[in-house]
>>> print(open('entry-v3.txt').read())   # compact mmCIF, C-alpha atoms (C1' of nucleotides)
# COMPACT_ATOMS: atom_id res chain seq x y z
CA MET A 1 15.85 28.57 16.39
CA LYS A 2 17.80 25.73 14.85
CA ARG A 3 14.78 23.57 15.46
CA ASP A 4 12.50 25.76 13.39
CA HIS A 5 14.99 25.82 10.58
CA LEU A 6 15.32 22.06 10.76
CA LEU A 7 11.55 21.65 10.67
CA ALA A 8 11.23 23.94 7.68
CA THR A 9 13.83 22.00 5.75
CA ALA A 10 12.34 18.69 6.82
CA TRP A 11 8.94 19.77 5.59
CA ARG A 12 10.34 20.84 2.24
CA LEU A 13 12.30 17.64 1.60
CA PHE A 14 9.75 15.24 3.03
CA TYR A 15 6.98 16.83 1.00
CA ARG A 16 9.00 16.87 -2.19
CA ASP A 17 10.52 13.38 -2.04
CA GLY A 18 8.68 11.41 0.63
CA TYR A 19 9.09 10.77 4.35
CA ARG A 20 10.93 7.50 3.96
CA ALA A 21 12.85 8.52 0.87
CA VAL A 22 14.65 11.39 2.62
CA GLY A 23 17.40 10.20 4.95
CA ILE A 24 18.37 12.20 7.97
CA ASP A 25 21.91 12.67 6.67
CA THR A 26 20.51 14.31 3.55
CA LEU A 27 18.16 16.39 5.63
CA LEU A 28 20.84 17.53 8.06
CA ALA A 29 23.23 18.43 5.28
CA GLU A 30 20.55 20.48 3.53
CA ALA A 31 19.59 22.24 6.76
CA ASN A 32 23.20 22.73 7.91
CA VAL A 33 22.41 21.22 11.25
CA ALA A 34 24.43 18.70 13.25
CA LYS A 35 23.08 15.23 13.82
CA MET A 36 23.14 15.52 17.59
CA THR A 37 20.98 18.63 17.38
CA LEU A 38 18.28 16.57 15.73
CA TYR A 39 18.51 13.77 18.28
CA ASN A 40 18.58 16.28 21.09
CA HIS A 41 15.14 17.50 20.08
CA TYR A 42 13.66 14.22 18.88
CA ALA A 43 14.20 10.67 19.97
CA SER A 44 13.80 9.36 16.44
CA LYS A 45 13.12 10.30 12.85
CA ASP A 46 9.51 9.25 13.34
CA GLU A 47 9.08 11.85 16.06
CA LEU A 48 10.43 14.50 13.73
CA ILE A 49 7.96 13.44 11.05
CA VAL A 50 5.11 13.63 13.55
CA ASP A 51 6.13 17.16 14.47
CA VAL A 52 6.36 18.17 10.82
CA ILE A 53 2.86 16.85 10.27
CA LYS A 54 1.45 18.61 13.32
CA ARG A 55 2.88 21.92 12.18
CA ARG A 56 1.59 21.46 8.68
CA SER A 57 -1.80 20.69 10.14
CA GLU A 58 -1.81 24.01 11.96
CA GLU A 59 -0.96 25.80 8.72
CA VAL A 60 -3.74 24.09 6.81
CA LEU A 61 -6.38 24.68 9.47
CA THR A 62 -5.39 28.32 9.69
CA GLY A 63 -5.55 28.63 5.92
CA LEU A 64 -9.02 27.12 5.84
CA ARG A 65 -10.24 29.44 8.61
CA GLU A 66 -8.90 32.43 6.75
CA ALA A 67 -10.53 31.30 3.53
CA ALA A 68 -13.89 31.01 5.28
CA GLU A 69 -13.33 34.41 6.82
CA ALA A 70 -12.58 35.97 3.45
CA ALA A 71 -15.70 34.39 1.94
CA GLY A 72 -17.96 36.76 3.85
CA ASN A 73 -21.16 36.08 5.72
CA SER A 74 -23.04 33.75 3.40
CA PRO A 75 -22.90 30.32 5.08
CA GLU A 76 -23.06 28.59 1.72
CA ARG A 77 -20.18 30.57 0.33
CA ARG A 78 -18.23 30.01 3.53
CA LEU A 79 -18.68 26.28 3.16
CA LEU A 80 -17.66 26.28 -0.48
CA SER A 81 -14.63 28.46 0.27
CA VAL A 82 -12.88 25.23 1.22
CA PHE A 83 -12.85 24.26 -2.42
CA ASP A 84 -11.52 27.62 -3.50
CA TRP A 85 -8.73 27.20 -1.00
CA LEU A 86 -8.09 23.77 -2.54
CA LYS A 87 -7.92 25.23 -6.02
CA ASP A 88 -5.26 27.70 -4.91
CA LEU A 89 -3.35 24.87 -3.27
CA PHE A 90 -3.45 22.84 -6.46
CA ALA A 91 -2.32 25.81 -8.50
CA GLY A 92 0.94 26.12 -6.58
CA ASP A 93 3.81 24.81 -8.67
CA ASP A 94 5.23 22.97 -5.67
CA PHE A 95 2.02 21.04 -5.06
CA MET A 96 2.80 17.35 -4.68
CA GLY A 97 -0.42 15.97 -3.26
CA CYS A 98 -1.70 15.86 0.27
CA ALA A 99 1.05 15.51 2.87
CA PHE A 100 -1.37 13.71 5.17
CA ILE A 101 -2.69 11.17 2.68
CA ARG A 102 0.89 10.51 1.70
CA ALA A 103 1.77 9.96 5.35
CA LEU A 104 -1.15 7.56 5.77
CA SER A 105 0.13 5.69 2.73
CA GLU A 106 3.80 5.63 3.62
CA PHE A 107 2.97 4.40 7.11
CA PRO A 108 0.06 2.07 6.40
CA ASP A 109 0.01 0.55 9.86
CA THR A 110 -2.84 2.40 11.54
CA ASP A 111 -1.13 2.13 14.92
CA HIS A 112 1.96 3.95 13.74
CA PRO A 113 2.39 7.40 15.32
CA VAL A 114 2.81 9.07 11.94
CA HIS A 115 -0.34 7.45 10.61
CA ARG A 116 -2.26 8.55 13.68
CA ALA A 117 -0.96 12.11 13.48
CA ALA A 118 -2.02 12.37 9.85
CA TRP A 119 -5.47 11.03 10.59
CA THR A 120 -5.86 13.38 13.54
CA HIS A 121 -5.52 16.20 11.04
CA LYS A 122 -8.19 14.74 8.78
CA MET A 123 -10.53 14.52 11.75
CA ALA A 124 -9.88 18.15 12.59
CA VAL A 125 -10.81 19.12 9.05
CA ARG A 126 -13.98 17.09 9.32
CA ASN A 127 -14.93 18.90 12.50
CA MET A 128 -14.42 22.23 10.79
CA LEU A 129 -16.57 21.07 7.90
CA LYS A 130 -19.28 19.98 10.29
CA GLY A 131 -19.38 23.46 11.79
CA LEU A 132 -19.66 25.04 8.36
CA ALA A 133 -22.33 22.52 7.39
CA THR A 134 -24.31 23.37 10.51
CA ASP A 135 -24.14 27.08 9.73
CA ALA A 136 -25.25 26.35 6.18
CA GLY A 137 -28.41 24.71 7.44
CA ALA A 138 -27.69 21.10 6.59
CA LYS A 139 -30.21 18.70 8.05
CA ASN A 140 -27.49 16.28 9.07
CA PRO A 141 -24.26 18.31 9.30
CA GLY A 142 -22.13 15.35 10.32
CA ALA A 143 -23.22 13.31 7.33
CA LEU A 144 -22.63 16.21 4.97
CA ALA A 145 -19.20 16.81 6.49
CA ASP A 146 -18.35 13.16 5.94
CA SER A 147 -19.37 13.38 2.30
CA LEU A 148 -17.49 16.59 1.73
CA ARG A 149 -14.34 15.11 3.19
CA LEU A 150 -14.52 12.29 0.67
CA LEU A 151 -14.71 14.84 -2.12
CA ILE A 152 -11.77 16.77 -0.71
CA ASP A 153 -9.52 13.75 -0.27
CA GLY A 154 -10.46 12.44 -3.68
CA ALA A 155 -9.66 15.81 -5.21
CA LEU A 156 -6.30 15.92 -3.45
CA VAL A 157 -5.36 12.56 -4.95
CA ALA A 158 -6.54 13.46 -8.44
CA ALA A 159 -4.85 16.86 -8.42
CA HIS A 160 -1.58 15.28 -7.40
CA ALA A 161 -1.58 12.75 -10.22
CA THR A 162 -2.84 15.09 -12.93
CA GLY A 163 -1.11 18.29 -11.90
CA THR A 164 -4.26 20.25 -12.69
CA THR A 165 -6.70 22.29 -10.62
CA LYS A 166 -9.73 20.70 -12.24
CA PRO A 167 -10.46 18.31 -9.36
CA ALA A 168 -11.11 21.35 -7.16
CA THR A 169 -13.75 22.57 -9.57
CA VAL A 170 -15.31 19.14 -9.86
CA ALA A 171 -15.40 18.77 -6.10
CA ARG A 172 -16.84 22.23 -5.63
CA GLN A 173 -19.75 21.56 -7.94
CA ALA A 174 -20.43 18.20 -6.36
CA ALA A 175 -20.29 19.82 -2.93
CA ALA A 176 -22.75 22.50 -3.98
CA SER A 177 -25.09 19.81 -5.24
CA LEU A 178 -24.83 17.81 -2.02
CA LEU A 179 -25.38 20.92 0.06
CA ALA A 180 -28.52 21.78 -1.90
CA SER A 181 -29.85 18.26 -1.33
CA ALA A 182 -28.91 18.36 2.34
CA ARG A 183 -30.96 21.49 2.89
CA GLY A 184 -34.06 19.90 1.43
CA MET B 1 5.33 -20.52 -12.65
CA LYS B 2 7.91 -19.12 -10.28
CA ARG B 3 7.04 -15.72 -11.61
CA ASP B 4 3.41 -15.99 -10.59
CA HIS B 5 4.38 -17.16 -7.15
CA LEU B 6 6.82 -14.28 -6.85
CA LEU B 7 4.16 -11.82 -7.92
CA ALA B 8 1.67 -13.20 -5.42
CA THR B 9 4.15 -12.89 -2.58
CA ALA B 10 5.22 -9.44 -3.74
CA TRP B 11 1.63 -8.28 -3.75
CA ARG B 12 1.03 -9.61 -0.28
CA LEU B 13 4.12 -8.03 1.28
CA PHE B 14 3.98 -4.77 -0.64
CA TYR B 15 0.35 -4.29 0.23
CA ARG B 16 0.85 -5.14 3.87
CA ASP B 17 4.03 -3.16 4.58
CA GLY B 18 4.58 -0.78 1.68
CA TYR B 19 6.45 -0.86 -1.62
CA ARG B 20 9.57 0.79 -0.33
CA ALA B 21 9.48 -0.81 3.08
CA VAL B 22 9.79 -4.34 1.71
CA GLY B 23 13.30 -5.14 0.51
CA ILE B 24 13.86 -7.65 -2.25
CA ASP B 25 15.87 -9.90 0.06
CA THR B 26 12.88 -10.15 2.39
CA LEU B 27 10.57 -10.72 -0.53
CA LEU B 28 12.74 -13.43 -2.10
CA ALA B 29 13.17 -15.24 1.20
CA GLU B 30 9.43 -15.20 1.79
CA ALA B 31 8.71 -16.44 -1.72
CA ASN B 32 11.54 -18.98 -1.70
CA VAL B 33 12.85 -17.65 -4.97
CA ALA B 34 16.44 -16.96 -5.96
CA LYS B 35 17.56 -13.43 -6.60
CA MET B 36 18.61 -14.11 -10.17
CA THR B 37 15.14 -15.39 -10.95
CA LEU B 38 13.75 -12.01 -10.05
CA TYR B 39 16.31 -10.13 -12.11
CA ASN B 40 15.82 -12.50 -14.99
CA HIS B 41 12.19 -11.42 -15.25
CA TYR B 42 12.55 -7.79 -14.24
CA ALA B 43 15.31 -5.28 -14.76
CA SER B 44 14.64 -3.63 -11.41
CA LYS B 45 12.45 -3.65 -8.33
CA ASP B 46 10.47 -0.79 -9.83
CA GLU B 47 9.52 -2.97 -12.80
CA LEU B 48 8.32 -5.65 -10.44
CA ILE B 49 6.20 -3.11 -8.58
CA VAL B 50 4.71 -1.90 -11.85
CA ASP B 51 3.77 -5.47 -12.75
CA VAL B 52 2.23 -6.05 -9.34
CA ILE B 53 0.14 -2.93 -9.82
CA LYS B 54 -0.96 -3.90 -13.31
CA ARG B 55 -2.13 -7.29 -12.11
CA ARG B 56 -3.96 -5.83 -9.17
CA SER B 57 -5.62 -3.40 -11.55
CA GLU B 58 -6.94 -6.33 -13.60
CA GLU B 59 -8.33 -7.92 -10.46
CA VAL B 60 -10.08 -4.75 -9.39
CA LEU B 61 -11.58 -4.02 -12.79
CA THR B 62 -12.82 -7.59 -13.06
CA GLY B 63 -14.32 -7.36 -9.58
CA LEU B 64 -16.12 -4.15 -10.47
CA ARG B 65 -17.47 -5.63 -13.69
CA GLU B 66 -18.75 -8.66 -11.83
CA ALA B 67 -20.38 -6.48 -9.19
CA ALA B 68 -22.22 -4.54 -11.89
CA GLU B 69 -23.23 -7.79 -13.51
CA ALA B 70 -24.60 -9.13 -10.25
CA ALA B 71 -26.57 -5.91 -9.68
CA GLY B 72 -29.02 -6.78 -12.42
CA ASN B 73 -30.44 -4.59 -15.16
CA SER B 74 -31.30 -1.40 -13.32
CA PRO B 75 -28.72 1.16 -14.51
CA GLU B 76 -28.95 3.02 -11.23
CA ARG B 77 -28.29 -0.08 -9.21
CA ARG B 78 -25.49 -1.07 -11.53
CA LEU B 79 -23.82 2.29 -10.95
CA LEU B 80 -24.22 2.07 -7.19
CA SER B 81 -22.91 -1.50 -7.15
CA VAL B 82 -19.45 0.06 -7.17
CA PHE B 83 -20.04 1.20 -3.62
CA ASP B 84 -21.29 -2.19 -2.52
CA TRP B 85 -18.11 -3.68 -3.94
CA LEU B 86 -16.19 -1.08 -1.94
CA LYS B 87 -17.99 -2.02 1.24
CA ASP B 88 -17.01 -5.66 0.79
CA LEU B 89 -13.44 -4.60 0.15
CA PHE B 90 -13.38 -2.54 3.33
CA ALA B 91 -14.86 -5.41 5.31
CA GLY B 92 -11.94 -7.70 4.51
CA ASP B 93 -9.66 -8.04 7.52
CA ASP B 94 -6.59 -7.65 5.33
CA PHE B 95 -7.75 -4.31 3.93
CA MET B 96 -4.94 -1.77 4.19
CA GLY B 97 -6.17 1.04 1.98
CA CYS B 98 -5.95 1.50 -1.76
CA ALA B 99 -2.83 -0.04 -3.28
CA PHE B 100 -2.92 2.57 -6.05
CA ILE B 101 -3.28 5.63 -3.86
CA ARG B 102 -0.51 4.25 -1.72
CA ALA B 103 1.64 3.83 -4.82
CA LEU B 104 0.92 7.40 -5.90
CA SER B 105 1.98 8.52 -2.43
CA GLU B 106 5.09 6.41 -2.10
CA PHE B 107 6.26 7.52 -5.54
CA PRO B 108 5.14 11.14 -5.55
CA ASP B 109 7.06 12.06 -8.67
CA THR B 110 4.37 11.98 -11.35
CA ASP B 111 6.90 10.89 -13.97
CA HIS B 112 7.85 7.77 -12.06
CA PRO B 113 6.74 4.53 -13.77
CA VAL B 114 5.05 3.28 -10.61
CA HIS B 115 3.13 6.53 -10.19
CA ARG B 116 2.03 6.40 -13.82
CA ALA B 117 0.94 2.78 -13.57
CA ALA B 118 -1.17 3.54 -10.52
CA TRP B 119 -2.80 6.51 -12.18
CA THR B 120 -3.49 4.50 -15.31
CA HIS B 121 -5.62 2.27 -13.15
CA LYS B 122 -7.54 5.19 -11.72
CA MET B 123 -8.25 6.39 -15.24
CA ALA B 124 -9.56 2.96 -16.19
CA VAL B 125 -11.94 3.07 -13.25
CA ARG B 126 -13.10 6.50 -14.31
CA ASN B 127 -13.83 5.23 -17.79
CA MET B 128 -15.86 2.40 -16.38
CA LEU B 129 -17.78 4.86 -14.21
CA LYS B 130 -18.45 7.03 -17.21
CA GLY B 131 -20.03 4.09 -19.02
CA LEU B 132 -22.22 3.30 -16.04
CA ALA B 133 -23.14 6.98 -15.73
CA THR B 134 -24.12 7.09 -19.38
CA ASP B 135 -26.34 4.03 -18.98
CA ALA B 136 -27.90 5.62 -15.91
CA GLY B 137 -28.97 8.62 -17.95
CA ALA B 138 -26.66 11.26 -16.54
CA LYS B 139 -26.75 14.50 -18.50
CA ASN B 140 -22.98 14.84 -18.33
CA PRO B 141 -21.61 11.34 -17.72
CA GLY B 142 -17.98 12.44 -17.70
CA ALA B 143 -18.61 15.03 -15.02
CA LEU B 144 -20.57 12.56 -12.90
CA ALA B 145 -17.82 9.98 -13.30
CA ASP B 146 -15.26 12.54 -12.13
CA SER B 147 -17.34 13.31 -9.05
CA LEU B 148 -17.91 9.67 -8.24
CA ARG B 149 -14.21 8.96 -8.46
CA LEU B 150 -13.56 11.63 -5.86
CA LEU B 151 -16.03 9.93 -3.54
CA ILE B 152 -14.44 6.55 -4.14
CA ASP B 153 -10.88 7.69 -3.52
CA GLY B 154 -11.94 9.65 -0.48
CA ALA B 155 -13.73 6.59 0.88
CA LEU B 156 -10.66 4.42 0.29
CA VAL B 157 -8.54 6.79 2.33
CA ALA B 158 -11.05 7.08 5.16
CA ALA B 159 -11.68 3.34 5.33
CA HIS B 160 -7.98 2.68 5.58
CA ALA B 161 -7.44 5.03 8.49
CA THR B 162 -10.58 4.11 10.40
CA GLY B 163 -10.77 0.41 9.65
CA THR B 164 -14.51 0.68 9.21
CA THR B 165 -16.86 0.18 6.26
CA LYS B 166 -18.79 3.35 6.98
CA PRO B 167 -17.07 5.43 4.28
CA ALA B 168 -18.58 3.08 1.69
CA THR B 169 -22.05 3.83 2.99
CA VAL B 170 -21.39 7.55 3.12
CA ALA B 171 -20.04 7.51 -0.41
CA ARG B 172 -22.96 5.45 -1.68
CA GLN B 173 -25.53 7.88 -0.36
CA ALA B 174 -23.64 10.86 -1.72
CA ALA B 175 -23.35 9.10 -5.08
CA ALA B 176 -27.08 8.41 -5.16
CA SER B 177 -27.74 12.06 -4.43
CA LEU B 178 -25.37 13.23 -7.17
CA LEU B 179 -26.88 10.80 -9.64
CA ALA B 180 -30.37 12.05 -8.88
CA SER B 181 -29.23 15.63 -9.48
CA ALA B 182 -27.38 14.63 -12.65
CA ARG B 183 -30.53 13.19 -14.16
CA GLY B 184 -32.44 16.39 -13.57
C1' DG C 1 17.84 -39.59 -22.86
C1' DG C 2 19.86 -35.39 -24.69
C1' DG C 3 19.83 -30.49 -25.18
C1' DA C 4 17.87 -26.03 -24.03
C1' DA C 5 15.87 -23.16 -20.68
C1' DA C 6 14.97 -21.88 -16.14
C1' DA C 7 16.18 -21.63 -11.48
C1' DT C 8 19.52 -22.10 -7.93
C1' DA C 9 23.21 -20.81 -4.20
C1' DG C 10 26.27 -17.67 -2.51
C1' DA C 11 29.48 -14.30 -2.58
C1' DC C 12 30.20 -9.59 -3.63
C1' DA C 13 30.05 -4.53 -4.58
C1' DA C 14 29.14 0.02 -3.16
C1' DG C 15 26.19 2.47 -1.09
C1' DT C 16 22.52 3.76 2.22
C1' DC C 17 20.05 3.79 6.62
C1' DT C 18 19.15 5.21 11.76
C1' DG C 19 21.06 6.00 15.93
C1' DT C 20 25.08 6.43 19.46
C1' DA C 21 29.35 8.04 21.55
C1' DT C 22 32.82 11.48 22.59
C1' DA C 23 34.93 15.57 22.89
C1' DT C 24 34.88 20.38 21.50
C1' DT C 25 33.03 24.85 20.45
C1' DT C 26 29.59 28.29 20.34
C1' DT C 27 25.78 30.68 22.27
C1' DT C 28 22.90 32.27 25.86
C1' DT C 29 21.84 33.58 30.49
C1' DT C 30 22.74 35.27 34.87
C1' DA D 1 32.95 37.49 33.16
C1' DA D 2 31.48 32.97 34.81
C1' DA D 3 28.21 29.22 34.56
C1' DA D 4 24.79 26.74 31.94
C1' DA D 5 22.83 25.34 27.75
C1' DA D 6 22.85 24.48 23.02
C1' DA D 7 25.09 23.14 18.94
C1' DT D 8 29.05 21.26 16.68
C1' DA D 9 32.38 17.80 14.24
C1' DT D 10 33.68 13.28 13.66
C1' DA D 11 33.77 8.67 13.96
C1' DC D 12 31.49 4.56 14.49
C1' DA D 13 28.30 0.59 14.85
C1' DG D 14 25.43 -2.64 12.69
C1' DA D 15 22.20 -3.46 9.72
C1' DC D 16 19.99 -2.92 5.43
C1' DT D 17 19.64 -1.52 0.28
C1' DT D 18 19.57 -2.85 -4.90
C1' DG D 19 21.85 -5.07 -8.27
C1' DT D 20 25.82 -8.07 -10.44
C1' DC D 21 28.62 -12.06 -11.13
C1' DT D 22 29.83 -16.94 -11.53
C1' DA D 23 29.15 -21.57 -11.38
C1' DT D 24 26.00 -25.22 -10.55
C1' DT D 25 21.70 -27.68 -10.53
C1' DT D 26 17.10 -28.56 -11.72
C1' DT D 27 13.30 -28.64 -14.85
C1' DC D 28 11.12 -28.98 -19.15
C1' DC D 29 10.52 -30.31 -23.96
C1' DC D 30 11.34 -33.03 -27.96
>>> encode(input="entry-v3.txt", output="structure tokens")
Amino acid sequence: MKRDHLLATAWRLFYRDGYRAVGIDTLLAEANVAKMTLYNHYASKDELIVDVIKRRSEEVLTGLREAAEAAGNSPERRLLSVFDWLKDLFAGDDFMGCAFIRALSEFPDTDHPVHRAAWTHKMAVRNMLKGLATDAGAKNPGALADSLRLLIDGALVAAHATGTTKPATVARQAAASLLASARG
Amino acid sequence: MKRDHLLATAWRLFYRDGYRAVGIDTLLAEANVAKMTLYNHYASKDELIVDVIKRRSEEVLTGLREAAEAAGNSPERRLLSVFDWLKDLFAGDDFMGCAFIRALSEFPDTDHPVHRAAWTHKMAVRNMLKGLATDAGAKNPGALADSLRLLIDGALVAAHATGTTKPATVARQAAASLLASARG
DNA sequence: GGGAAAATAGACAAGTCTGTATATTTTTTT
DNA sequence: AAAAAAATATACAGACTTGTCTATTTTCCC
């Protein structure tokens, strides 16, 4: 109960200001939670961050699945629905970039648990893309998925810095072009 | 003199451990420079970071220009030389991701001077790409440049997390495919 | 060599950071 | 209603943070 509330507040502050920038005292005050409650659930701040990232990953993957669902039966449209989902994400006025890329950046050591958790999410997205690419008839679904992930991550960075949704449109068109080429 | 040495050390530590993670005391001790020397040149740590980023931007742009130069006269090969340069960057054993993307992430507020400086660099790269895309006969060079930048930034993120050069190869092939489509 | 500029050492302020310890109160479960 | 579990308040440790101040020394240029 308290834990969920703490996680929700942690997500909000970490995403707005940065994982390192937000101290636990600030976080606990904002969440109205005692310090020992935090350290009863997590051994360290890093563990809390990892949990925040895992939960956000679930949200994102669910959102992507729903977007594909809503796109209907056309495999091509299902694949491109990822970029429509991105556009909606970018349009949110609280959008501050990709929480996972920011985690990779704030914890640049690739052995760090936070870095690994963030990359685990990116791998999960790639696997989903590979499935969609397979359904869409790509000759080499893995290769297409890899390419599409580059477009997505690039768009996330550009949308953060510019505050516009345009990178989603750019990425969508590039993705459509790559898909056409990948089907021969 | 001292300033250049300070900047070199700052770059090394910031890039290895993160802009926020490295305190100025650590930095000054490593560079063997007195604190007042730092604050005589810069009003704040943020200003130092901005200068580090500007200098790194010069290095990168010069490197990209040289790579295009070395690629010869074929406009297509000149455009794709960007991805060969990327592959060499990824192959370096001190590669820790993109210093600019990491700056955008560590300073997520888009109004922050460090964030702006990092994005200024990304815009400069885009302009260079647009020139190369024009030479390569793209119908809409600006649009192709936008797409290529997504591939590049995505590759930078993936190469950081995986520690491999593969994202450069993936991006290069996708770029070649997009270029072919963009020439009709 | 003399004068200006740059760099130095070292203490200091005032705040922040994560994590621990203790003792008490609230909530839940049986 | 009693026992168990969860959450609380508060203080504390010890280290780290950026930036300022003063006085001294070194370096550079003419």
>>> residues_around(input="entry-v3.txt", residues="stretch 2-10 of chain B", least_positions_apart="4", cutoff="9 Å", atoms="only C-alpha atoms (C1' of nucleotides)", output="list in words")
Phe14, Tyr15, Tyr19, Val22, Ile24, Leu27, Leu28, Glu30, Ala31, Asn32, Val33, Thr37, Leu38, His41, Leu48, Ile49, Asp51, Val52 and Arg55 of chain B; DA7 of chain C
>>> residues_near_point(input="entry-v3.txt", point="(28.9, 9.8, 18.8)", cutoff="12 Å", atoms="only C-alpha atoms (C1' of nucleotides)", output="list of chain:residue names")
A:Ala34, A:Lys35, A:Met36, A:Thr37, A:Tyr39, C:DG19, C:DT20, C:DA21, C:DT22, C:DA23, D:DT8, D:DA9, D:DT10, D:DA11, D:DC12, D:DA13
>>> residues_around(input="entry-v3.txt", residues="C:DA11", least_positions_apart="5", cutoff="12 Å", atoms="all atoms listed in the file", output="VMD selection string")
chain D and resid 20 to 23
>>> closest_residue(input="entry-v3.txt", among="B:Ala159, B:Val60, B:Ala68, B:Met96", to="chain A", atoms="only C-alpha atoms")
B:Met96
>>> interface_residues(input="entry-v3.txt", of="chain C", to="chain A", cutoff="9 Å", atoms="all atoms listed in the file", output="PDB file with C-alpha atoms (C1' of nucleotides), keeping the file's coordinate frame")
ATOM      1  C1'  DT C  16      22.520   3.760   2.220  1.00  0.00           C
ATOM      2  C1'  DC C  17      20.050   3.790   6.620  1.00  0.00           C
ATOM      3  C1'  DT C  18      19.150   5.210  11.760  1.00  0.00           C
ATOM      4  C1'  DG C  19      21.060   6.000  15.930  1.00  0.00           C
TER       5       DG C  19
END
>>> residues_around(input="entry-v3.txt", residues="A:Pro75", least_positions_apart="2", cutoff="8 Å", atoms="all atoms listed in the file", output="NGL selection string")
:A and (73 or 77-79 or 132 or 135-136)
>>> residues_near_point(input="entry-v3.txt", point="(-6.8, 11.2, 3.1)", cutoff="7 Å", atoms="all atoms listed in the file", output="NGL selection string")
(:A and (100-101 or 122 or 153)) or (:B and (154 or 157-158))
>>> closest_residue(input="entry-v3.txt", among="C:DT24, C:DT29, C:DA13, C:DT8", to="D:DT24", atoms="all atoms listed in the file")
C:DT8
>>> interface_residues(input="entry-v3.txt", of="chain A", to="chain B", cutoff="9 Å", atoms="only C-alpha atoms", output="PyMOL selection string")
chain A and resi 15-21+96-99+101-110+115-116+119+122+143-144+146-158+160-163+167+170-171+173-174+177-178+181
>>> write_last_selection(input="entry-v3.txt", atoms="C-alpha atoms", output="PDB file, in the coordinates of the input")
ATOM      1  CA  TYR A  15       6.980  16.830   1.000  1.00  0.00           C
ATOM      2  CA  ARG A  16       9.000  16.870  -2.190  1.00  0.00           C
ATOM      3  CA  ASP A  17      10.520  13.380  -2.040  1.00  0.00           C
ATOM      4  CA  GLY A  18       8.680  11.410   0.630  1.00  0.00           C
ATOM      5  CA  TYR A  19       9.090  10.770   4.350  1.00  0.00           C
ATOM      6  CA  ARG A  20      10.930   7.500   3.960  1.00  0.00           C
ATOM      7  CA  ALA A  21      12.850   8.520   0.870  1.00  0.00           C
ATOM      8  CA  MET A  96       2.800  17.350  -4.680  1.00  0.00           C
ATOM      9  CA  GLY A  97      -0.420  15.970  -3.260  1.00  0.00           C
ATOM     10  CA  CYS A  98      -1.700  15.860   0.270  1.00  0.00           C
ATOM     11  CA  ALA A  99       1.050  15.510   2.870  1.00  0.00           C
ATOM     12  CA  ILE A 101      -2.690  11.170   2.680  1.00  0.00           C
ATOM     13  CA  ARG A 102       0.890  10.510   1.700  1.00  0.00           C
ATOM     14  CA  ALA A 103       1.770   9.960   5.350  1.00  0.00           C
ATOM     15  CA  LEU A 104      -1.150   7.560   5.770  1.00  0.00           C
ATOM     16  CA  SER A 105       0.130   5.690   2.730  1.00  0.00           C
ATOM     17  CA  GLU A 106       3.800   5.630   3.620  1.00  0.00           C
ATOM     18  CA  PHE A 107       2.970   4.400   7.110  1.00  0.00           C
ATOM     19  CA  PRO A 108       0.060   2.070   6.400  1.00  0.00           C
ATOM     20  CA  ASP A 109       0.010   0.550   9.860  1.00  0.00           C
ATOM     21  CA  THR A 110      -2.840   2.400  11.540  1.00  0.00           C
ATOM     22  CA  HIS A 115      -0.340   7.450  10.610  1.00  0.00           C
ATOM     23  CA  ARG A 116      -2.260   8.550  13.680  1.00  0.00           C
ATOM     24  CA  TRP A 119      -5.470  11.030  10.590  1.00  0.00           C
ATOM     25  CA  LYS A 122      -8.190  14.740   8.780  1.00  0.00           C
ATOM     26  CA  ALA A 143     -23.220  13.310   7.330  1.00  0.00           C
ATOM     27  CA  LEU A 144     -22.630  16.210   4.970  1.00  0.00           C
ATOM     28  CA  ASP A 146     -18.350  13.160   5.940  1.00  0.00           C
ATOM     29  CA  SER A 147     -19.370  13.380   2.300  1.00  0.00           C
ATOM     30  CA  LEU A 148     -17.490  16.590   1.730  1.00  0.00           C
ATOM     31  CA  ARG A 149     -14.340  15.110   3.190  1.00  0.00           C
ATOM     32  CA  LEU A 150     -14.520  12.290   0.670  1.00  0.00           C
ATOM     33  CA  LEU A 151     -14.710  14.840  -2.120  1.00  0.00           C
ATOM     34  CA  ILE A 152     -11.770  16.770  -0.710  1.00  0.00           C
ATOM     35  CA  ASP A 153      -9.520  13.750  -0.270  1.00  0.00           C
ATOM     36  CA  GLY A 154     -10.460  12.440  -3.680  1.00  0.00           C
ATOM     37  CA  ALA A 155      -9.660  15.810  -5.210  1.00  0.00           C
ATOM     38  CA  LEU A 156      -6.300  15.920  -3.450  1.00  0.00           C
ATOM     39  CA  VAL A 157      -5.360  12.560  -4.950  1.00  0.00           C
ATOM     40  CA  ALA A 158      -6.540  13.460  -8.440  1.00  0.00           C
ATOM     41  CA  HIS A 160      -1.580  15.280  -7.400  1.00  0.00           C
ATOM     42  CA  ALA A 161      -1.580  12.750 -10.220  1.00  0.00           C
ATOM     43  CA  THR A 162      -2.840  15.090 -12.930  1.00  0.00           C
ATOM     44  CA  GLY A 163      -1.110  18.290 -11.900  1.00  0.00           C
ATOM     45  CA  PRO A 167     -10.460  18.310  -9.360  1.00  0.00           C
ATOM     46  CA  VAL A 170     -15.310  19.140  -9.860  1.00  0.00           C
ATOM     47  CA  ALA A 171     -15.400  18.770  -6.100  1.00  0.00           C
ATOM     48  CA  GLN A 173     -19.750  21.560  -7.940  1.00  0.00           C
ATOM     49  CA  ALA A 174     -20.430  18.200  -6.360  1.00  0.00           C
ATOM     50  CA  SER A 177     -25.090  19.810  -5.240  1.00  0.00           C
ATOM     51  CA  LEU A 178     -24.830  17.810  -2.020  1.00  0.00           C
ATOM     52  CA  SER A 181     -29.850  18.260  -1.330  1.00  0.00           C
TER      53      SER A 181
END
